[in-house]
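Comments concern the structure below.
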Amino acid sequence: MNPELYDSDVHQLAAEQIPWYVNGTLEAAAASRLSAHLEACAQCRGDYEAQVRLFEGMQADGTLVFAAEPSFQKLMGRIRDGADAGSVPGAPLPAAPVRSVPTKRRTGAGIAQWLAAAVVLEAVGLGYGAWAWHVHTDSAAPYVTLTSAEPSYRSSARVRVVFRSGLSVQGLGLLLRQAGAHIIDGPTSANVYTLGFTGTAMTPDTLERRAATLRANPDVLFAEPQNAPQDAVGTAGR
Amino acid sequence: MHQATELRPGPPASNQNALELALLTRIAAQDAQAMHELYHLYHRRLARFLMRLTSRYDLAEEIINDTFWVVWQHAADFRGASKVSTWIFGIGYRRALKTLKRVRPDLMVEESEAPEQVYEPWLHAELREWLGVALDKLPHEQRAVLELAYHVGHSCEEIATIMQCPVNTVKTRMFHARRKLKGLLNSLSGAL
């Protein structure tokens, strides 16, 4: 066997396996062989270390994701109404009959009962949101003119938000004043804005409450805290 | 040598799959609370994956709900030939491709037609911005492989099932994705 060709094959195999080794899905025996190779081969180890950094960067999820609950309510409404029956073509079916779960005839009764409970929960949630909003607006942000000194954002606390399209300038201004927030960045290509808050530093809990209060506003589609931007190699607004 | 997944929190994969199978069983019996739990378990992962593919929040939301509409309709038919997550992501990926063909044909450039680009990370002030920009510029098949492997944590074989392609195709897509992101990796090595 040509030793050079043999070496080349080993490195090529290592390069092929590294991503799956990094994400922990490589089969145990192959992972063990690769681990031994990485200990001995600086070139492949460099590749591995770079992939770990990319993996960690992608794991540090900075993506702004829309709220799940309103979307779920839309889905359940769609299911309850049965409006889309048969409208999703090509639904994939399982390949092998390994396991089966019981089939029942679908009726709307169970969904309606559950949705009734969900409505009650949501009403409680909205009540809390309104209360939180009211409490928060009691401490109005200081009035700032164009000639005033630039606000100081001593806290690194940030909230990234997406506003509902069609929100008027007046509506946006009112929303920001109520939240005691200022736009400090954005919009990104995905219309994501970063809001900052003047005043003292916030705890993560406080910041989460601010984000929750924003989320309770119907003109805010998404709101997520961004407490330590330097820690997240993320993808906001992509 | 330590694998990066040691950093990942959460229950072991087999336990997680058993939990999700139990939820599917309840969904097959029209249990809306189980649907609620499964939906919330997957929402964030699917949302990120689909926003990467579509670059649009509204489309991602639409596809997630199309996906779970299928889950609700076909939970009783799921026979455990794959992990629940593979099944759900497979539905989501295929729905995404159909949606993209309908509304964003510009994003459906085949890998072979995509212009070869080498990205220059030093042109971008922030690493996080660069990572997003670089990933967005990959052909959607390569971007999907990278997301499914490095963000969602699927195996090569599971990704082949999700994308309905041979395992070797997944490996090839991963290879090209990594090559194109080489500039980014250099930046990561200097910045982190």
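Convention: chains lettered A, B, ... in structure tokens order; per-chain residue numbering from 1; ligands numbered from 1 as shown.
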(request) Considering only C-alpha atoms, return as a PyMOL selection string whatever protein or nucleic-acid residues lie within 8 Å of Glu61 (chain B), sequence-local ones (same chain, fewer than 3 positions apart) excluded. (result) (chain A and resi 71) or (chain B and resi 47+57-58+64-65)
Excluding region 212-226 of chain A and any residue of its chain fewer than 6 positions from it, enumerate the residues within 6 Å of it, using only C-alpha atoms, and give them as a PyMOL selection string.
chain A and resi 66+129+133+158-164
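Considering the residues A:Ala67, A:Ala28, A:Met58, A:Val192 and counting only C-alpha atoms, chain B has its shortest atom-to-atom contact with A:Met58.
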